[in-house]
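Q: Have a look at this one.
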Amino acid sequence: MTPPPALMLDHVYAHEAELANLVFLSQPVGGGGVVDITWAQAMDQSRRMAAHLKGLGFAPGARIAMLSKNCAHFILAELAIWMAGYTTVAIFPTETAETVRYVLEHSEASLLFVGKLDNWPRQAPGVPTALPCIAFPLAPATDFDTWDKIIARTPPLAGRPGRKAAELAMLMYTSGSTGTPKGVMMSFEAYTRASVGIRRDTRSRIGQDADSRMLSYLPLAHSFERSWVEGAALVDGRTHLYFAESLDTFLPDLQRARPTTFISVPRLWLKFQQGVFSKMPPAKLDRLLSIPLIGRIVARKVRKGLGLDAVVVAGSGSAPIPAGLIAWYRRIGLALYEGYGMTEDSSYSHTSNAEFNAAGYIGVPLPGVEARISAEGEILIKSPGRLVGYYKRPDLDAESFTADGYFRTGDLGEQRADGLLKITGRAKEIFKTTKGEYVAPAPIENQINVHPMVELSLVSGVGQPAPYAMVVLAEDLRARLGDRALQAQVQAELESLLQQVNQGLPDYAKLRMIVVVREPWSIDNGCLTPTLKIKRARIEAAVAPQVERWYADGHSVQWAASDTAR
C-alpha cells in the first residue's frame with residue numbers, strides 16, 4: 001500500500017533528524033549582530049513553545065494569531081502552532097488597530113504573538129485586553145510573557161505530532177484592496193502541495209545540490225512570501241533563510257545574504273531600477289551596456305551594487321510588471337521572470353521560465369495546475385494549492401467556483417496555444433466612460449510605470465468623457481520639485497509620455513491628461529495595501545472633488561492639490 005504524501009511537518013521532522021547542524025535561519029539583532037539558528041536549535045525552540053501552547057488547553061484547531069514583521073521567530077512560532085494542533089492567523093504588520101481587531105475577532109483568535117513592529121502604540125488598542133499575548137525577542141517593550149522566558153522554563157514537546165491533510169494550517173486574510181479582508185482557509189495538504197511544487201520549480205533552475213539562499217522581507221502574512229519563501233524553504237531543508245533588519249539596512253542585508261533566489265513585487269523592482277538611475281542617467285547606462293566588453297562589466301557592477309550578483313532565479317509577482325522593466329533587468333544580466341498566483345491557490349498557479357516567456361505574458365501553468373478562459377474572458381484556475389473556502393463566508397464559496405471546480409479569479413486574460421497566459425485586466429477594475437466604452441486600467445498603467453520619472457500610476461475616468469492618469473513621481477524628483485526648471489522638465493517629459501502612450505491606444509481609451517500627485521501613495525496614508533497594491537477606491541474618493549476642475553482646465557499635464565492622499 002502506497003503511504004500518503006508527506007505533509008509539511010513530515011518534511012520538517014526529516015530535516016530535524018538529517019540536517020540538525022545546518023544553519024536554517026539568520027536573524028539580524030541590531031548593531032550589526034546576526035544570530036544563526038540551526039535546524040536542531042529551531043526545532044528545540046519550536047517544540048518548547050508547542051508544549052507551552054498545548055498546555056494552555058485550547059481546543060484542537062484553535063486559531064493562534066501573529067502580528068509581526070518578518071523574523072526567524074515568525075517561522076518558529078508557526079511550527080510551534082502546528083505541532084500543538086492549532087491554526088495560524090498572520091496579520092499584516094502595517095495594519096491599523098481597527099483591522100487588527102477585526103481579524104482577531106473574526107478569526108476568534110485564542111492567543112496573539114507580538115513581534116517586530118514599527119507602529120505598535122497605534123496598533124495596541126486593537127488587541128482585546130483579555131486576549132493572552134506572547135512577545136517575540138525583537139518585539140516592542142510590553143508586559144507580555146516572552147518567548148525566551150517560556151522556552152527556558154518549558155520542556156520540549158516530544159515525538160512527531162502530526163496533522164491530517166484536511167486540517168487547517170492557516171487562515172490567510174487578504175490585504176483588503178477592495179474592502180474588508182477575507183479569511184482564506186488553507187489546509188495542510190494544499191499548502192504542502194504548493195510548497196513542494198515551488199521547491200521543485202526553484203531547484204530545477206538553480207540545481208538540486210546548489211547553494212540556496214533567500215532573503216525574507218515581503219510580508220510573511222501574504223501568500224506570495226508564505227509559499228515561495230517560507231513554504232519552499234521548509235520543504236527543501238537546505239535553503240538558508242536570511243531576514244532584513246529594517247528598511248534602512250535593506251541593501252546591506254541583501255548584500256549579506258547574497259540570495260540565489262530573489263522574488264519581489266513590481267514596485268520594488270521599479271525602485272531598484274530608479275536607484276540605479278539616480279546614480280547613472282538611463283541614457284549613459286544604455287550606451288555603456290551597448291559596448292560588448294564594457295557592457296558585461298557594467299552589468300555585473302550594477303547587479304553587485306543591488307546585492308543581486310549571485311541571483312540565479314529572479315521572480316516578480318503579486319501584481320502586473322511592465323514588460324519593459326523585465327527587459328531592462330535581463331539586459332543587466334538578471335533573468336527576471338514573472339509569475340501569477342493568488343492567496344486562494346497558495347500563490348501556486350503560473351510562472352515564466354527560459355523556455356516559456358514572452359513580453360506581456362505571465363507564464364505557463366505550474367505542474368498540476370489547470371487553466372482556461374471563460375466565455376466572459378475570466379481566468380479560471382484549478383490548483384493543488386486551492387483554498388478550502390472562505391472563513392464564515394459560505395456565500396463567497398458558492399460564488400467563487402464553477403460547477404466543475406475551477407476558481408473564478410476575477411482577472412481577465414488570454415491564453416496562447418502553448419499555455420502562456422496574459423492578464424488583460426481585473427474585472428472589478430474595468431470602468432465605463434460616458435461614451436459607453438469599457439476601459440481596463442492595468443495595461444495602460446503598465447505603459448506609464450515603465451517611465452523612469454514615474455513611481456506609480458492609476459488610470460481612472462468613471463463617468464467621464466475620457467480616461468485620465470494620476471502619477472506619483474520618483475522619490476528623487478519629488479524632493480526637488482521646488483526647482484522651477486525641474487518642474488518644466490517634468491512637465492515636458494509627461495506631455496511626451498502622454499502622447500507616446502496614447503499612440504498605442506484605441507480612441508475610446510486615450511488619456512485626456514496626466515495628473516501629478518504631490519503626496520506619494522503609501523501604506524501609512526491608506527492608499528496602498530500591505531503588499532503595495534493600489535487601493536483604487538480610496539484614491540479615487542480622495543481626488544473626487546478635483547476631477548471636474550481637471551477636465552474643465554483642459555491641460556494635458558496638471559498638478560493635483562497636496563491633499564489627494566488624505
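Chain identifiers are assigned as A, B, and so on, following the order in which chains appear in the C-alpha cells; residues are numbered from 1 within each chain, and ligands are numbered from 1 in order of appearance.
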So that I can check the surroundings of range 420-423 of chain A, please list as a PDB file with C-alpha atoms, in the first residue's frame every protein, DNA and RNA residue that reaches within 7 Å of it, counting only C-alpha atoms and ignoring chain neighbours fewer than 5 positions away.

A:
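Output file part_1.pdb follows:
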ATOM      1  CA  PHE A 356       8.122  29.811 -21.946  1.00  0.00           C
ATOM      2  CA  GLY A 360       3.184  40.838 -21.619  1.00  0.00           C
ATOM      3  CA  TYR A 361       2.647  37.192 -20.618  1.00  0.00           C
ATOM      4  CA  ILE A 362       2.887  35.916 -17.041  1.00  0.00           C
ATOM      5  CA  GLY A 363       3.838  32.308 -17.734  1.00  0.00           C
ATOM      6  CA  VAL A 364       2.517  28.800 -18.136  1.00  0.00           C
ATOM      7  CA  ASP A 411      -8.866  38.515 -13.662  1.00  0.00           C
ATOM      8  CA  LEU A 412      -9.445  38.827 -17.395  1.00  0.00           C
ATOM      9  CA  GLY A 413      -6.979  37.195 -19.725  1.00  0.00           C
ATOM     10  CA  GLU A 414      -5.925  35.476 -22.894  1.00  0.00           C
ATOM     11  CA  GLN A 415      -4.192  32.110 -23.243  1.00  0.00           C
TER      12      GLN A 415
END

Q: Give the helix (DSSP H, G or I) residues of range 23-250 of chain A, as assigned by DSSP on the backbone, as number ranges by chain.

A: A: 39-55, 72-83, 97-107, 120-126, 147-153, 188-206, 223-236, 250

Q: Rank A:Leu53, A:Met214, A:Val114, A:Ile534 by their smallest atom-to-atom distance to Val471 in chain A, using only C-alpha atoms, and report the top residue only.

A: A:Ile534

Q: Ranking A:Ala72, A:Ile291, A:Val265, A:Leu218 by minimum distance to Glu338 in chain A and counting only C-alpha atoms, which one comes first?

A: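 Smallest separation from Glu338 in chain A among the options: A:Val265.
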
Q: Can you tell me how far CA of Thr351 in chain A sits from CA of Arg416 in chain A, in Å to one decimal?

A: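 Computing it gives 14.3 Å between the two atoms.
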
Q: I want to know what sits within 7 Å of Phe243 in chain A, based on only C-alpha atoms, with residues of the same chain fewer than 4 positions away left out; could you give that as JSON, numbers by chain?

A: {"A": [26, 27, 28, 70, 71, 215, 216, 217]}

Q: Would you kindly return, as a PyMOL selection string, each protein, DNA or RNA residue with an atom no farther than 8 Å from any atom of Arg238 in chain A, considering only C-alpha atoms and excluding same-chain residues fewer than 6 positions away?

A: chain A and resi 19+22+24+211-212

Q: Pick out the residues sitting within 9 Å of Leu168 in chain A, and hand them over as number ranges by chain; count only C-alpha atoms, and ignore anything fewer than 6 positions along from it in its own chain.

A: A: 61, 86-88, 185-189, 388

Q: What lies within 7 Å of range 368-385 of chain A using only C-alpha atoms, ignoring chain neighbours under 2 positions off, as a PDB file with N, CA, C and O atoms, in the first residue's frame?

A:
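Full text of part-v6.pdb as output:
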ATOM      1  N   ALA A 190      -3.052  21.378   0.880  1.00  0.00           N
ATOM      2  CA  ALA A 190      -2.909  22.394  -0.164  1.00  0.00           C
ATOM      3  C   ALA A 190      -1.612  23.177  -0.003  1.00  0.00           C
ATOM      4  O   ALA A 190      -0.879  23.400  -0.979  1.00  0.00           O
ATOM      5  N   TYR A 191      -1.318  23.602   1.227  1.00  0.00           N
ATOM      6  CA  TYR A 191      -0.103  24.391   1.455  1.00  0.00           C
ATOM      7  C   TYR A 191       1.141  23.559   1.158  1.00  0.00           C
ATOM      8  O   TYR A 191       2.099  24.050   0.544  1.00  0.00           O
ATOM      9  N   ARG A 193       1.359  20.864  -0.885  1.00  0.00           N
ATOM     10  CA  ARG A 193       1.466  20.579  -2.317  1.00  0.00           C
ATOM     11  C   ARG A 193       1.986  21.791  -3.085  1.00  0.00           C
ATOM     12  O   ARG A 193       2.818  21.650  -3.991  1.00  0.00           O
ATOM     13  N   ALA A 194       1.518  22.971  -2.727  1.00  0.00           N
ATOM     14  CA  ALA A 194       2.009  24.181  -3.383  1.00  0.00           C
ATOM     15  C   ALA A 194       3.492  24.393  -3.087  1.00  0.00           C
ATOM     16  O   ALA A 194       4.285  24.692  -3.987  1.00  0.00           O
ATOM     17  N   ASP A 345      -4.992  30.212  -4.098  1.00  0.00           N
ATOM     18  CA  ASP A 345      -4.336  28.999  -4.597  1.00  0.00           C
ATOM     19  C   ASP A 345      -2.913  28.870  -4.052  1.00  0.00           C
ATOM     20  O   ASP A 345      -2.050  28.257  -4.665  1.00  0.00           O
ATOM     21  N   SER A 346      -2.682  29.443  -2.877  1.00  0.00           N
ATOM     22  CA  SER A 346      -1.355  29.408  -2.240  1.00  0.00           C
ATOM     23  C   SER A 346      -0.283  29.996  -3.146  1.00  0.00           C
ATOM     24  O   SER A 346       0.885  29.625  -3.075  1.00  0.00           O
ATOM     25  N   TYR A 348       0.217  29.433  -6.106  1.00  0.00           N
ATOM     26  CA  TYR A 348       0.739  28.373  -6.969  1.00  0.00           C
ATOM     27  C   TYR A 348      -0.153  28.268  -8.195  1.00  0.00           C
ATOM     28  O   TYR A 348      -1.187  27.613  -8.176  1.00  0.00           O
ATOM     29  N   SER A 349       0.276  28.933  -9.264  1.00  0.00           N
ATOM     30  CA  SER A 349      -0.541  28.954 -10.464  1.00  0.00           C
ATOM     31  C   SER A 349       0.311  28.947 -11.729  1.00  0.00           C
ATOM     32  O   SER A 349       0.408  27.939 -12.398  1.00  0.00           O
ATOM     33  N   PRO A 365       1.130  27.279 -16.817  1.00  0.00           N
ATOM     34  CA  PRO A 365       0.717  26.639 -15.566  1.00  0.00           C
ATOM     35  C   PRO A 365       1.842  25.808 -14.946  1.00  0.00           C
ATOM     36  O   PRO A 365       2.561  25.092 -15.642  1.00  0.00           O
ATOM     37  N   LEU A 366       1.993  25.927 -13.631  1.00  0.00           N
ATOM     38  CA  LEU A 366       2.908  25.076 -12.894  1.00  0.00           C
ATOM     39  C   LEU A 366       2.355  23.647 -12.881  1.00  0.00           C
ATOM     40  O   LEU A 366       1.154  23.436 -13.108  1.00  0.00           O
ATOM     41  N   LEU A 387      -7.772  26.839  -1.947  1.00  0.00           N
ATOM     42  CA  LEU A 387      -8.337  27.052  -0.632  1.00  0.00           C
ATOM     43  C   LEU A 387      -9.434  26.051  -0.315  1.00  0.00           C
ATOM     44  O   LEU A 387     -10.081  25.502  -1.216  1.00  0.00           O
ATOM     45  N   TYR A 406     -13.425  24.897 -10.936  1.00  0.00           N
ATOM     46  CA  TYR A 406     -12.424  25.918 -11.249  1.00  0.00           C
ATOM     47  C   TYR A 406     -12.688  27.169 -10.404  1.00  0.00           C
ATOM     48  O   TYR A 406     -13.841  27.579 -10.227  1.00  0.00           O
ATOM     49  N   PHE A 407     -11.602  27.789  -9.928  1.00  0.00           N
ATOM     50  CA  PHE A 407     -11.737  29.019  -9.142  1.00  0.00           C
ATOM     51  C   PHE A 407     -11.868  30.214 -10.075  1.00  0.00           C
ATOM     52  O   PHE A 407     -11.101  30.362 -11.032  1.00  0.00           O
ATOM     53  N   ARG A 408     -12.837  31.064  -9.785  1.00  0.00           N
ATOM     54  CA  ARG A 408     -13.040  32.289 -10.569  1.00  0.00           C
ATOM     55  C   ARG A 408     -12.090  33.360 -10.036  1.00  0.00           C
ATOM     56  O   ARG A 408     -12.307  33.919  -8.963  1.00  0.00           O
ATOM     57  N   THR A 409     -11.036  33.680 -10.792  1.00  0.00           N
ATOM     58  CA  THR A 409     -10.002  34.581 -10.292  1.00  0.00           C
ATOM     59  C   THR A 409     -10.431  36.047 -10.261  1.00  0.00           C
ATOM     60  O   THR A 409      -9.876  36.838  -9.516  1.00  0.00           O
ATOM     61  N   GLY A 410     -11.376  36.427 -11.115  1.00  0.00           N
ATOM     62  CA  GLY A 410     -11.736  37.833 -11.243  1.00  0.00           C
ATOM     63  C   GLY A 410     -10.830  38.586 -12.197  1.00  0.00           C
ATOM     64  O   GLY A 410     -11.071  39.754 -12.501  1.00  0.00           O
ATOM     65  N   ASP A 411      -9.779  37.909 -12.690  1.00  0.00           N
ATOM     66  CA  ASP A 411      -8.866  38.515 -13.662  1.00  0.00           C
ATOM     67  C   ASP A 411      -9.315  38.142 -15.074  1.00  0.00           C
ATOM     68  O   ASP A 411      -9.779  37.023 -15.330  1.00  0.00           O
ATOM     69  N   LEU A 412      -9.155  39.069 -15.984  1.00  0.00           N
ATOM     70  CA  LEU A 412      -9.445  38.827 -17.395  1.00  0.00           C
ATOM     71  C   LEU A 412      -8.151  38.490 -18.109  1.00  0.00           C
ATOM     72  O   LEU A 412      -7.091  39.035 -17.798  1.00  0.00           O
ATOM     73  N   GLY A 413      -8.222  37.572 -19.069  1.00  0.00           N
ATOM     74  CA  GLY A 413      -6.979  37.195 -19.725  1.00  0.00           C
ATOM     75  C   GLY A 413      -7.153  36.510 -21.056  1.00  0.00           C
ATOM     76  O   GLY A 413      -8.269  36.268 -21.532  1.00  0.00           O
ATOM     77  N   GLU A 414      -5.995  36.202 -21.629  1.00  0.00           N
ATOM     78  CA  GLU A 414      -5.925  35.476 -22.894  1.00  0.00           C
ATOM     79  C   GLU A 414      -4.882  34.382 -22.733  1.00  0.00           C
ATOM     80  O   GLU A 414      -3.872  34.567 -22.051  1.00  0.00           O
TER      81      GLU A 414
END

Q: Determine, counting only C-alpha atoms, which protein, DNA and RNA residues have an atom within 10 Å of an atom of Leu112 in chain A; residues of the same chain fewer than 6 positions away are not included. Present the result as number ranges by chain.

A: A: 63-67, 88-91, 104, 127, 131-135

Q: Step one, run DSSP on the backbone; step two, keep only residues of range 112-254 of chain A assigned to strand (DSSP E); then write them as a list in words.

A: Leu112, Phe113, Val114, Cys133, Ile134, Ala135, Asp145, Thr146, Leu168, Ala169, Met170, Leu171, Met172, Tyr173, Gly183, Val184, Met185, Met186, Ser187, Ser212, Arg213, Met214, Leu215, Ser216, Thr239, His240, Leu241, Tyr242 and Phe243 of chain A

Q: For CA of Pro266 in chain A and CA of Val450 in chain A, quote the distance in Å rounded to one decimal.

A: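 Interatomic distance, CA of Pro266 in chain A to CA of Val450 in chain A: 10.3 Å.
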
Q: So how many Å separate CA of Lys432 in chain A and CA of Val462 in chain A, to one decimal?

A: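 Computing the Euclidean distance for CA of Lys432 in chain A and CA of Val462 in chain A yields 5.7 Å.
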
Q: Which one is closest to Ser316 in chain A: A:Ala354, A:Leu268, A:Gln491, A:Ala359? Count only C-alpha atoms.

A: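 When distances to Ser316 in chain A are compared using only C-alpha atoms, the smallest one comes from A:Leu268.
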
Q: Hey, which of A:Pro155, A:Leu336, A:Arg122, A:Pro137 ends up closest to Lys54 in chain A? Count only C-alpha atoms.

A: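 Using only C-alpha atoms, the shortest distance to Lys54 in chain A belongs to A:Pro155.
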
Q: Looking at A:Thr433, A:Gln487, A:Thr424, A:Thr174, which one is nearest to Gly463 in chain A, with distances taken over only C-alpha atoms?

A: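 So, comparing all the options, the nearest one is A:Thr433.
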
Q: Point out the residue among A:Thr38, A:Ser400, A:Thr249, A:Gln499 with the least atom-to-atom distance to Ala17 in chain A, counting only C-alpha atoms.

A: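 Going through A:Thr38, A:Ser400, A:Thr249, A:Gln499 one by one, the smallest distance to Ala17 in chain A is for A:Thr38.
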